[in-house]
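Engineer: This is the content of run-v3.cif (mmCIF, C-alpha atoms and all ligand atoms):
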```
data_coords
#
loop_
_atom_site.group_PDB
_atom_site.id
_atom_site.type_symbol
_atom_site.label_atom_id
_atom_site.label_comp_id
_atom_site.auth_asym_id
_atom_site.auth_seq_id
_atom_site.Cartn_x
_atom_site.Cartn_y
_atom_site.Cartn_z
ATOM 1 C CA MET A 681 34.338 -24.338 23.837
ATOM 2 C CA GLY A 682 35.006 -22.668 20.537
ATOM 3 C CA ALA A 683 31.461 -21.392 20.454
ATOM 4 C CA ARG A 684 30.981 -18.412 18.157
ATOM 5 C CA ILE A 685 29.675 -15.387 19.941
ATOM 6 C CA THR A 686 27.239 -13.351 17.912
ATOM 7 C CA SER A 687 25.293 -10.450 19.239
ATOM 8 C CA PRO A 688 21.548 -10.446 18.569
ATOM 9 C CA SER A 689 21.955 -7.227 16.594
ATOM 10 C CA MET A 690 24.528 -8.895 14.283
ATOM 11 C CA GLU A 691 22.187 -11.789 13.657
ATOM 12 C CA SER A 692 19.201 -9.626 12.944
ATOM 13 C CA ALA A 693 21.009 -7.059 10.791
ATOM 14 C CA PRO A 694 20.590 -8.956 7.510
ATOM 15 C CA MET A 695 16.992 -9.704 8.480
ATOM 16 C CA ASN A 696 16.370 -6.012 9.142
ATOM 17 C CA ARG A 697 17.927 -5.095 5.852
ATOM 18 C CA ALA A 698 15.807 -7.657 4.010
ATOM 19 C CA ALA A 699 12.691 -6.441 5.804
ATOM 20 C CA ALA A 700 13.523 -2.821 4.941
ATOM 21 C CA LEU A 701 14.112 -3.746 1.316
ATOM 22 C CA TYR A 702 10.857 -5.681 1.256
ATOM 23 C CA ARG A 703 9.024 -2.808 2.852
ATOM 24 C CA SER A 704 10.429 -0.300 0.444
ATOM 25 C CA ALA A 705 9.558 -2.533 -2.523
ATOM 26 C CA ILE A 706 5.996 -2.673 -1.200
ATOM 27 C CA PHE A 707 6.039 1.097 -0.778
ATOM 28 C CA LYS A 708 7.187 1.585 -4.369
ATOM 29 C CA LYS A 709 4.616 -0.874 -5.672
ATOM 30 C CA ALA A 710 1.911 0.905 -3.694
ATOM 31 C CA ILE A 711 2.999 4.257 -5.177
ATOM 32 C CA MET A 712 2.949 2.704 -8.638
ATOM 33 C CA ALA A 713 -0.531 1.223 -8.074
ATOM 34 C CA ILE A 714 -2.052 4.399 -6.583
ATOM 35 C CA THR A 715 -0.601 6.726 -9.227
ATOM 36 C CA GLY A 716 -1.598 4.165 -11.881
ATOM 37 C CA MET A 717 -5.175 4.388 -10.618
ATOM 38 C CA VAL A 718 -5.105 8.207 -10.851
ATOM 39 C CA LEU A 719 -3.797 7.969 -14.421
ATOM 40 C CA PHE A 720 -6.409 5.310 -15.311
ATOM 41 C CA GLY A 721 -9.118 7.623 -13.984
ATOM 42 C CA PHE A 722 -7.798 10.439 -16.156
ATOM 43 C CA VAL A 723 -7.547 8.272 -19.285
ATOM 44 C CA LEU A 724 -11.103 6.978 -18.791
ATOM 45 C CA SER A 725 -12.616 10.421 -18.272
ATOM 46 C CA HIS A 726 -10.563 11.924 -21.130
ATOM 47 C CA MET A 727 -11.733 9.180 -23.475
ATOM 48 C CA THR A 728 -15.423 9.641 -22.553
ATOM 49 C CA GLY A 729 -15.100 13.436 -22.817
ATOM 50 C CA ASN A 730 -13.525 13.127 -26.283
ATOM 51 C CA LEU A 731 -16.447 11.007 -27.476
ATOM 52 C CA LYS A 732 -18.576 14.154 -27.293
ATOM 53 C CA ILE A 733 -17.197 14.888 -30.746
ATOM 54 C CA PHE A 734 -19.835 12.448 -32.037
ATOM 55 C CA GLN A 735 -22.499 14.795 -30.623
ATOM 56 C CA GLY A 736 -21.195 17.720 -32.655
ATOM 57 C CA ALA A 737 -19.004 20.812 -32.395
ATOM 58 C CA GLU A 738 -21.102 22.613 -29.835
ATOM 59 C CA LYS A 739 -21.080 19.763 -27.305
ATOM 60 C CA ILE A 740 -17.334 19.104 -27.328
ATOM 61 C CA ASN A 741 -16.379 22.790 -27.366
ATOM 62 C CA HIS A 742 -18.805 23.432 -24.544
ATOM 63 C CA TYR A 743 -17.329 20.562 -22.539
ATOM 64 C CA SER A 744 -13.823 21.994 -22.978
ATOM 65 C CA GLU A 745 -15.043 25.431 -21.829
ATOM 66 C CA PHE A 746 -16.869 23.838 -18.884
ATOM 67 C CA LEU A 747 -13.549 22.349 -17.676
ATOM 68 C CA ARG A 748 -11.947 25.790 -17.854
ATOM 69 C CA GLU A 749 -14.768 27.527 -15.989
ATOM 70 C CA PHE A 750 -15.433 24.817 -13.405
ATOM 71 C CA GLY A 751 -15.133 26.046 -9.799
ATOM 72 C CA GLN A 752 -15.654 29.741 -10.626
ATOM 73 C CA PRO A 753 -15.976 32.094 -8.765
ATOM 74 C CA VAL A 754 -14.340 30.214 -5.864
ATOM 75 C CA LEU A 755 -11.469 29.283 -8.164
ATOM 76 C CA PRO A 756 -10.071 31.541 -10.908
ATOM 77 C CA TYR A 757 -10.696 30.765 -14.585
ATOM 78 C CA LYS A 758 -8.818 27.518 -15.415
ATOM 79 C CA GLY A 759 -8.147 27.049 -11.660
ATOM 80 C CA PHE A 760 -9.732 23.611 -11.550
ATOM 81 C CA LEU A 761 -7.927 22.622 -14.763
ATOM 82 C CA TRP A 762 -4.594 23.621 -13.217
ATOM 83 C CA ILE A 763 -5.297 21.648 -10.038
ATOM 84 C CA MET A 764 -6.038 18.620 -12.230
ATOM 85 C CA ARG A 765 -2.924 19.247 -14.337
ATOM 86 C CA LEU A 766 -0.662 19.494 -11.259
ATOM 87 C CA GLY A 767 -2.217 16.317 -9.828
ATOM 88 C CA LEU A 768 -1.646 14.517 -13.120
ATOM 89 C CA ILE A 769 1.949 15.713 -13.426
ATOM 90 C CA GLY A 770 2.618 14.601 -9.829
ATOM 91 C CA ALA A 771 1.045 11.198 -10.481
ATOM 92 C CA ALA A 772 2.996 10.750 -13.731
ATOM 93 C CA VAL A 773 6.330 11.713 -12.096
ATOM 94 C CA LEU A 774 5.788 9.321 -9.156
ATOM 95 C CA HIS A 775 4.618 6.567 -11.512
ATOM 96 C CA ILE A 776 7.781 6.855 -13.602
ATOM 97 C CA TRP A 777 9.981 7.140 -10.468
ATOM 98 C CA SER A 778 8.514 3.950 -8.952
ATOM 99 C CA ALA A 779 8.879 2.109 -12.278
ATOM 100 C CA ILE A 780 12.576 3.044 -12.534
ATOM 101 C CA ALA A 781 13.259 2.334 -8.834
ATOM 102 C CA LEU A 782 11.604 -1.087 -8.981
ATOM 103 C CA THR A 783 13.493 -2.017 -12.158
ATOM 104 C CA LEU A 784 16.812 -1.043 -10.523
ATOM 105 C CA ASP A 785 15.936 -2.963 -7.320
ATOM 106 C CA ASN A 786 15.064 -6.056 -9.351
ATOM 107 C CA ARG A 787 18.305 -5.829 -11.272
ATOM 108 C CA ARG A 788 20.366 -5.492 -8.080
ATOM 109 C CA ALA A 789 18.582 -8.407 -6.422
ATOM 110 C CA ARG A 790 18.843 -10.673 -9.463
ATOM 111 C CA PRO A 791 21.079 -13.748 -8.945
ATOM 112 C CA LYS A 792 23.905 -14.301 -11.456
ATOM 113 C CA ASN A 793 22.151 -17.096 -13.319
ATOM 114 C CA TYR A 794 18.841 -15.222 -13.265
ATOM 115 C CA GLU A 795 18.682 -14.961 -17.048
ATOM 116 C CA LEU A 796 18.482 -18.754 -17.217
ATOM 117 C CA ARG A 797 15.665 -18.964 -14.713
ATOM 118 C CA ARG A 798 13.666 -15.881 -15.542
ATOM 119 C CA PRO A 799 10.394 -16.804 -17.247
ATOM 120 C CA VAL A 800 10.315 -15.593 -20.848
ATOM 121 C CA GLN A 801 6.756 -14.324 -20.336
ATOM 122 C CA MET A 802 7.860 -12.000 -17.505
ATOM 123 C CA ASP A 803 10.703 -10.590 -19.583
ATOM 124 C CA TYR A 804 8.301 -9.891 -22.420
ATOM 125 C CA ALA A 805 5.763 -8.171 -20.148
ATOM 126 C CA SER A 806 8.269 -5.913 -18.396
ATOM 127 C CA ARG A 807 10.006 -5.033 -21.656
ATOM 128 C CA THR A 808 6.634 -4.179 -23.209
ATOM 129 C CA MET A 809 5.832 -1.991 -20.186
ATOM 130 C CA ARG A 810 9.103 -0.121 -20.449
ATOM 131 C CA TYR A 811 8.918 0.516 -24.217
ATOM 132 C CA SER A 812 5.207 1.348 -24.255
ATOM 133 C CA GLY A 813 5.798 3.620 -21.226
ATOM 134 C CA PHE A 814 8.556 5.546 -23.087
ATOM 135 C CA ILE A 815 6.450 5.854 -26.227
ATOM 136 C CA VAL A 816 3.339 7.017 -24.330
ATOM 137 C CA ALA A 817 5.460 9.619 -22.456
ATOM 138 C CA GLY A 818 6.887 10.932 -25.776
ATOM 139 C CA TYR A 819 3.423 10.912 -27.303
ATOM 140 C CA ILE A 820 2.009 13.029 -24.455
ATOM 141 C CA VAL A 821 4.599 15.758 -25.143
ATOM 142 C CA TYR A 822 3.657 15.768 -28.854
ATOM 143 C CA HIS A 823 -0.058 15.545 -27.997
ATOM 144 C CA LEU A 824 0.089 18.613 -25.716
ATOM 145 C CA LEU A 825 1.936 20.660 -28.381
ATOM 146 C CA HIS A 826 -0.557 19.401 -30.937
ATOM 147 C CA LEU A 827 -3.994 19.713 -29.302
ATOM 148 C CA THR A 828 -3.538 21.785 -26.113
ATOM 149 C CA SER A 829 -1.037 24.549 -26.910
ATOM 150 C CA GLY A 830 -1.188 24.151 -30.708
ATOM 151 C CA GLN A 831 2.486 24.622 -31.721
ATOM 152 C CA ALA A 832 2.491 21.248 -33.520
ATOM 153 C CA HIS A 833 -0.897 21.870 -35.179
ATOM 154 C CA PRO A 834 -1.196 23.344 -38.703
ATOM 155 C CA ASP A 835 -4.206 25.588 -37.932
ATOM 156 C CA PHE A 836 -4.872 25.708 -34.181
ATOM 157 C CA VAL A 837 -7.709 27.815 -32.739
ATOM 158 C CA HIS A 838 -7.843 28.105 -28.930
ATOM 159 C CA GLY A 839 -11.166 26.810 -27.604
ATOM 160 C CA ASP A 840 -12.314 25.260 -30.898
ATOM 161 C CA VAL A 841 -11.552 21.642 -29.989
ATOM 162 C CA TYR A 842 -13.857 20.331 -32.710
ATOM 163 C CA SER A 843 -12.161 21.971 -35.681
ATOM 164 C CA ASN A 844 -8.709 21.387 -34.122
ATOM 165 C CA LEU A 845 -9.480 17.646 -34.122
ATOM 166 C CA ILE A 846 -10.991 17.616 -37.627
ATOM 167 C CA ILE A 847 -8.035 19.460 -39.161
ATOM 168 C CA ALA A 848 -5.510 17.363 -37.210
ATOM 169 C CA PHE A 849 -6.864 13.975 -38.243
ATOM 170 C CA GLN A 850 -7.520 14.827 -41.872
ATOM 171 C CA ASN A 851 -3.790 14.150 -42.134
ATOM 172 C CA PRO A 852 -3.547 10.319 -42.474
ATOM 173 C CA LEU A 853 -0.046 10.230 -40.976
ATOM 174 C CA VAL A 854 -1.171 12.033 -37.820
ATOM 175 C CA ALA A 855 -4.276 9.823 -37.578
ATOM 176 C CA ALA A 856 -2.054 6.730 -37.951
ATOM 177 C CA ILE A 857 0.331 7.936 -35.200
ATOM 178 C CA TYR A 858 -2.596 8.402 -32.808
ATOM 179 C CA VAL A 859 -4.054 4.993 -33.648
ATOM 180 C CA VAL A 860 -0.739 3.147 -33.207
ATOM 181 C CA VAL A 861 0.184 4.923 -29.954
ATOM 182 C CA ASN A 862 -3.265 4.390 -28.481
ATOM 183 C CA ILE A 863 -3.065 0.673 -29.278
ATOM 184 C CA LEU A 864 0.316 0.578 -27.509
ATOM 185 C CA LEU A 865 -1.201 2.463 -24.585
ATOM 186 C CA SER A 866 -3.856 -0.226 -24.299
ATOM 187 C CA PHE A 867 -1.143 -2.916 -23.874
ATOM 188 C CA HIS A 868 0.365 -0.742 -21.151
ATOM 189 C CA LEU A 869 -3.055 -0.367 -19.469
ATOM 190 C CA TYR A 870 -3.744 -4.094 -19.725
ATOM 191 C CA HIS A 871 -0.529 -5.220 -18.097
ATOM 192 C CA GLY A 872 -0.526 -2.291 -15.653
ATOM 193 C CA LEU A 873 -4.038 -3.042 -14.431
ATOM 194 C CA TRP A 874 -3.301 -6.705 -14.049
ATOM 195 C CA SER A 875 -0.119 -6.119 -12.042
ATOM 196 C CA MET A 876 -1.886 -3.451 -9.983
ATOM 197 C CA PHE A 877 -4.352 -6.127 -8.860
ATOM 198 C CA GLN A 878 -1.386 -8.216 -7.758
ATOM 199 C CA SER A 879 0.310 -5.319 -5.944
ATOM 200 C CA LEU A 880 -2.912 -4.517 -4.119
ATOM 201 C CA GLY A 881 -3.276 -8.178 -3.160
ATOM 202 C CA ILE A 882 -6.565 -8.634 -5.018
ATOM 203 C CA ASP A 883 -6.250 -12.403 -5.307
ATOM 204 C CA HIS A 884 -9.299 -13.772 -3.522
ATOM 205 C CA PRO A 885 -10.345 -16.997 -5.309
ATOM 206 C CA ALA A 886 -13.734 -15.437 -6.083
ATOM 207 C CA VAL A 887 -12.166 -12.662 -8.186
ATOM 208 C CA LYS A 888 -8.769 -14.059 -9.161
ATOM 209 C CA GLY A 889 -10.012 -15.501 -12.436
ATOM 210 C CA LEU A 890 -11.675 -12.208 -13.371
ATOM 211 C CA ARG A 891 -8.519 -10.091 -13.183
ATOM 212 C CA ARG A 892 -7.240 -10.751 -16.693
ATOM 213 C CA PRO A 893 -10.643 -10.504 -18.470
ATOM 214 C CA PHE A 894 -11.373 -7.276 -16.561
ATOM 215 C CA ALA A 895 -8.000 -5.736 -17.458
ATOM 216 C CA ALA A 896 -8.384 -6.820 -21.102
ATOM 217 C CA THR A 897 -11.942 -5.448 -21.398
ATOM 218 C CA PHE A 898 -10.931 -2.144 -19.816
ATOM 219 C CA ALA A 899 -7.918 -1.772 -22.141
ATOM 220 C CA VAL A 900 -9.932 -2.653 -25.269
ATOM 221 C CA VAL A 901 -12.773 -0.239 -24.387
ATOM 222 C CA ILE A 902 -10.302 2.612 -23.778
ATOM 223 C CA CYS A 903 -8.466 1.809 -26.992
ATOM 224 C CA LEU A 904 -11.631 1.663 -29.133
ATOM 225 C CA GLY A 905 -12.981 4.865 -27.556
ATOM 226 C CA PHE A 906 -9.779 6.765 -28.376
ATOM 227 C CA ILE A 907 -9.044 5.417 -31.853
ATOM 228 C CA ALA A 908 -12.670 5.832 -32.990
ATOM 229 C CA ILE A 909 -11.943 9.589 -33.289
ATOM 230 C CA PRO A 910 -8.947 9.668 -35.672
ATOM 231 C CA ILE A 911 -10.445 6.777 -37.668
ATOM 232 C CA SER A 912 -13.859 8.484 -38.027
ATOM 233 C CA ILE A 913 -12.221 11.736 -39.131
ATOM 234 C CA VAL A 914 -9.658 10.311 -41.556
ATOM 235 C CA THR A 915 -12.367 8.164 -43.215
ATOM 236 C CA GLY A 916 -14.721 11.171 -43.509
ATOM 237 C CA LEU A 917 -17.347 9.782 -41.116
ATOM 238 C CA ILE A 918 -17.132 13.025 -39.128
ATOM 239 C CA GLN A 919 -16.578 16.149 -41.211
HETATM 240 C C1 LIG B 1 -7.164 9.592 -30.110
HETATM 241 C C2 LIG B 1 -6.870 9.853 -28.866
HETATM 242 C C3 LIG B 1 -6.939 11.220 -28.224
HETATM 243 C C4 LIG B 1 -7.569 12.354 -28.636
HETATM 244 C C5 LIG B 1 -8.424 12.557 -29.861
HETATM 245 C C6 LIG B 1 -7.278 13.380 -27.659
HETATM 246 C C7 LIG B 1 -7.736 14.692 -27.717
HETATM 247 C C8 LIG B 1 -7.366 15.712 -26.884
HETATM 248 C C9 LIG B 1 -7.780 17.096 -26.997
HETATM 249 C C10 LIG B 1 -8.719 17.658 -28.065
HETATM 250 C C11 LIG B 1 -7.202 17.812 -25.999
HETATM 251 C C12 LIG B 1 -7.365 19.307 -25.708
HETATM 252 C C13 LIG B 1 -8.596 19.485 -24.862
HETATM 253 C C14 LIG B 1 -8.929 20.939 -24.575
HETATM 254 O O1 LIG B 1 -8.195 21.830 -24.979
HETATM 255 O O2 LIG B 1 -9.959 21.175 -23.921
HETATM 256 C C15 LIG B 1 -6.412 16.865 -25.236
HETATM 257 C C16 LIG B 1 -5.679 17.188 -24.116
HETATM 258 C C17 LIG B 1 -4.945 16.286 -23.390
HETATM 259 N N1 LIG B 1 -4.795 14.934 -23.632
HETATM 260 FE FE1 LIG B 1 -5.659 13.903 -25.132
HETATM 261 N N2 LIG B 1 -6.492 12.852 -26.671
HETATM 262 C C18 LIG B 1 -6.249 11.536 -26.981
HETATM 263 C C19 LIG B 1 -5.504 10.630 -26.252
HETATM 264 C C20 LIG B 1 -4.830 10.946 -25.106
HETATM 265 C C21 LIG B 1 -4.096 10.009 -24.315
HETATM 266 C C22 LIG B 1 -3.962 8.538 -24.652
HETATM 267 C C23 LIG B 1 -3.560 10.697 -23.268
HETATM 268 C C24 LIG B 1 -2.718 10.229 -22.120
HETATM 269 C C25 LIG B 1 -2.319 9.021 -21.902
HETATM 270 C C26 LIG B 1 -3.962 12.071 -23.398
HETATM 271 C C27 LIG B 1 -3.595 13.065 -22.552
HETATM 272 C C28 LIG B 1 -3.984 14.397 -22.675
HETATM 273 C C29 LIG B 1 -3.586 15.436 -21.747
HETATM 274 C C30 LIG B 1 -2.674 15.279 -20.533
HETATM 275 C C31 LIG B 1 -4.196 16.623 -22.192
HETATM 276 C C32 LIG B 1 -4.081 18.018 -21.591
HETATM 277 C C33 LIG B 1 -5.276 18.305 -20.751
HETATM 278 C C34 LIG B 1 -5.130 19.727 -20.214
HETATM 279 O O3 LIG B 1 -4.314 19.898 -19.325
HETATM 280 O O4 LIG B 1 -5.793 20.625 -20.715
HETATM 281 N N3 LIG B 1 -4.738 12.177 -24.524
HETATM 282 N N4 LIG B 1 -6.536 15.612 -25.789
#
```
Here is a file; write its structure as structure tokens.
Ligand code: HEM
Structural biologist:
Amino acid sequence: MGARITSPSMESAPMNRAAALYRSAIFKKAIMAITGMVLFGFVLSHMTGNLKIFQGAEKINHYSEFLREFGQPVLPYKGFLWIMRLGLIGAAVLHIWSAIALTLDNRRARPKNYELRRPVQMDYASRTMRYSGFIVAGYIVYHLLHLTSGQAHPDFVHGDVYSNLIIAFQNPLVAAIYVVVNILLSFHLYHGLWSMFQSLGIDHPAVKGLRRPFAATFAVVICLGFIAIPISIVTGLIQ
């Protein structure tokens, strides 16, 4: 009597939709974490490679040439570099796509009174990620024109990484831009690493407490390694 008839498919439809949404959020977070790892790997190796400047002109210029010649004769000159570049571009595009998609999903799923309940700390972290992400992306465009193709450099010589760096950072404004952006990048790395641990489910009690110190140490080491170069040049430590 008066019983409502619902088909099993009607009942499970919202469940299916929720499961699909959940799955796709996991997919996007996985993409963000994997591409983040690729970009971390690049940043770490780029930072250590750049430190060769402290060993002198020959070492750093030789390192740059080594990257161009690597893989020859199986690969053409710069072949390896181009494979790396395409991989990096792909990782950066997917990283940005997943960041935008997750932000839009969160916004859509947010209840009306979400602003009242949303922790202030979370707002701060995601805002910092967005702004530092935009700034780092803009910086990379300038950085490529400055130190890779040379259009934004006052006296660029292809292959002479050492003198390109010395001339670039003798300008205090340019040195300051690099220092500020690299500090911002370290905030991005810190929060990104920490949330990557969460996305990958690294929350075993044995390691849970180490996630923040690890992320902070990694970010500080990367930051110091990068900013040591403009600071050493602008202060005349390297000439
Ligand atoms: C003070 C900090 C930095 C210095 C001194 C520096 C220096 C350089 C130099 C000298 C090159 C040209 C290398 C060559 O021609 O062999 C280069 C290329 C590049 N840098 Fe940096 N870099 C810094 C920070 C960064 C950061 C933070 C990123 C990314 C988040 C980055 C991304 C790149 C990329 C994508 C290239 C192009 C590599 C290629 O395709 O040849 N750099 N950098």
Engineer: The PyMOL selection byres (((chain A and resi 911) around 12) and not hetatm) - which residues does that actually catch in the file I just gave you? List them as a PDB file with C-alpha atoms, in the coordinates of the input.
Structural biologist:
```pdb
ATOM      1  CA  LEU A 845      -9.480  17.646 -34.122  1.00  0.00           C
ATOM      2  CA  ILE A 846     -10.991  17.616 -37.627  1.00  0.00           C
ATOM      3  CA  ALA A 848      -5.510  17.363 -37.210  1.00  0.00           C
ATOM      4  CA  PHE A 849      -6.864  13.975 -38.243  1.00  0.00           C
ATOM      5  CA  GLN A 850      -7.520  14.827 -41.872  1.00  0.00           C
ATOM      6  CA  ASN A 851      -3.790  14.150 -42.134  1.00  0.00           C
ATOM      7  CA  PRO A 852      -3.547  10.319 -42.474  1.00  0.00           C
ATOM      8  CA  LEU A 853      -0.046  10.230 -40.976  1.00  0.00           C
ATOM      9  CA  VAL A 854      -1.171  12.033 -37.820  1.00  0.00           C
ATOM     10  CA  ALA A 855      -4.276   9.823 -37.578  1.00  0.00           C
ATOM     11  CA  ALA A 856      -2.054   6.730 -37.951  1.00  0.00           C
ATOM     12  CA  ILE A 857       0.331   7.936 -35.200  1.00  0.00           C
ATOM     13  CA  TYR A 858      -2.596   8.402 -32.808  1.00  0.00           C
ATOM     14  CA  VAL A 859      -4.054   4.993 -33.648  1.00  0.00           C
ATOM     15  CA  VAL A 860      -0.739   3.147 -33.207  1.00  0.00           C
ATOM     16  CA  ASN A 862      -3.265   4.390 -28.481  1.00  0.00           C
ATOM     17  CA  CYS A 903      -8.466   1.809 -26.992  1.00  0.00           C
ATOM     18  CA  LEU A 904     -11.631   1.663 -29.133  1.00  0.00           C
ATOM     19  CA  GLY A 905     -12.981   4.865 -27.556  1.00  0.00           C
ATOM     20  CA  PHE A 906      -9.779   6.765 -28.376  1.00  0.00           C
ATOM     21  CA  ILE A 907      -9.044   5.417 -31.853  1.00  0.00           C
ATOM     22  CA  ALA A 908     -12.670   5.832 -32.990  1.00  0.00           C
ATOM     23  CA  ILE A 909     -11.943   9.589 -33.289  1.00  0.00           C
ATOM     24  CA  PRO A 910      -8.947   9.668 -35.672  1.00  0.00           C
ATOM     25  CA  SER A 912     -13.859   8.484 -38.027  1.00  0.00           C
ATOM     26  CA  ILE A 913     -12.221  11.736 -39.131  1.00  0.00           C
ATOM     27  CA  VAL A 914      -9.658  10.311 -41.556  1.00  0.00           C
ATOM     28  CA  THR A 915     -12.367   8.164 -43.215  1.00  0.00           C
ATOM     29  CA  GLY A 916     -14.721  11.171 -43.509  1.00  0.00           C
ATOM     30  CA  LEU A 917     -17.347   9.782 -41.116  1.00  0.00           C
ATOM     31  CA  ILE A 918     -17.132  13.025 -39.128  1.00  0.00           C
ATOM     32  CA  GLN A 919     -16.578  16.149 -41.211  1.00  0.00           C
TER      33      GLN A 919
END
```
Engineer: Written as JSON, numbers by chain, what is the full residue list that the PyMOL selection byres (((not hetatm)) within 9 of (chain B and resi 1)) yields on the file shown?
Structural biologist: {"A": [719, 720, 722, 723, 726, 727, 729, 730, 731, 740, 741, 743, 744, 745, 746, 747, 748, 761, 762, 764, 765, 766, 768, 769, 816, 817, 819, 820, 821, 823, 824, 826, 827, 828, 829, 838, 839, 840, 841, 842, 844, 845, 849, 855, 858, 859, 861, 862, 865, 866, 902, 903, 905, 906, 907, 908, 909, 910, 911]}
Engineer: So the first atom is atom CA of Ser806 of chain A and the second is atom CA of Trp777 of chain A; what is the distance between them in Å, to one decimal place?
Structural biologist: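 Between these atoms lies a distance of 15.4 Å.
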Engineer: From the list A:Ala886, A:Val754, A:Ala693, A:Ala895, which residue is nearest His868 of chain A when using only C-alpha atoms?
Structural biologist: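 Nearest candidate to His868 of chain A out of A:Ala886, A:Val754, A:Ala693, A:Ala895: A:Ala895.
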Engineer: Which is closer to Arg807 of chain A than all the others in A:Gly751, A:Phe867, A:Met717, A:Ile847, using only C-alpha atoms?
Structural biologist: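 Closest residue, counting only C-alpha atoms: A:Phe867.
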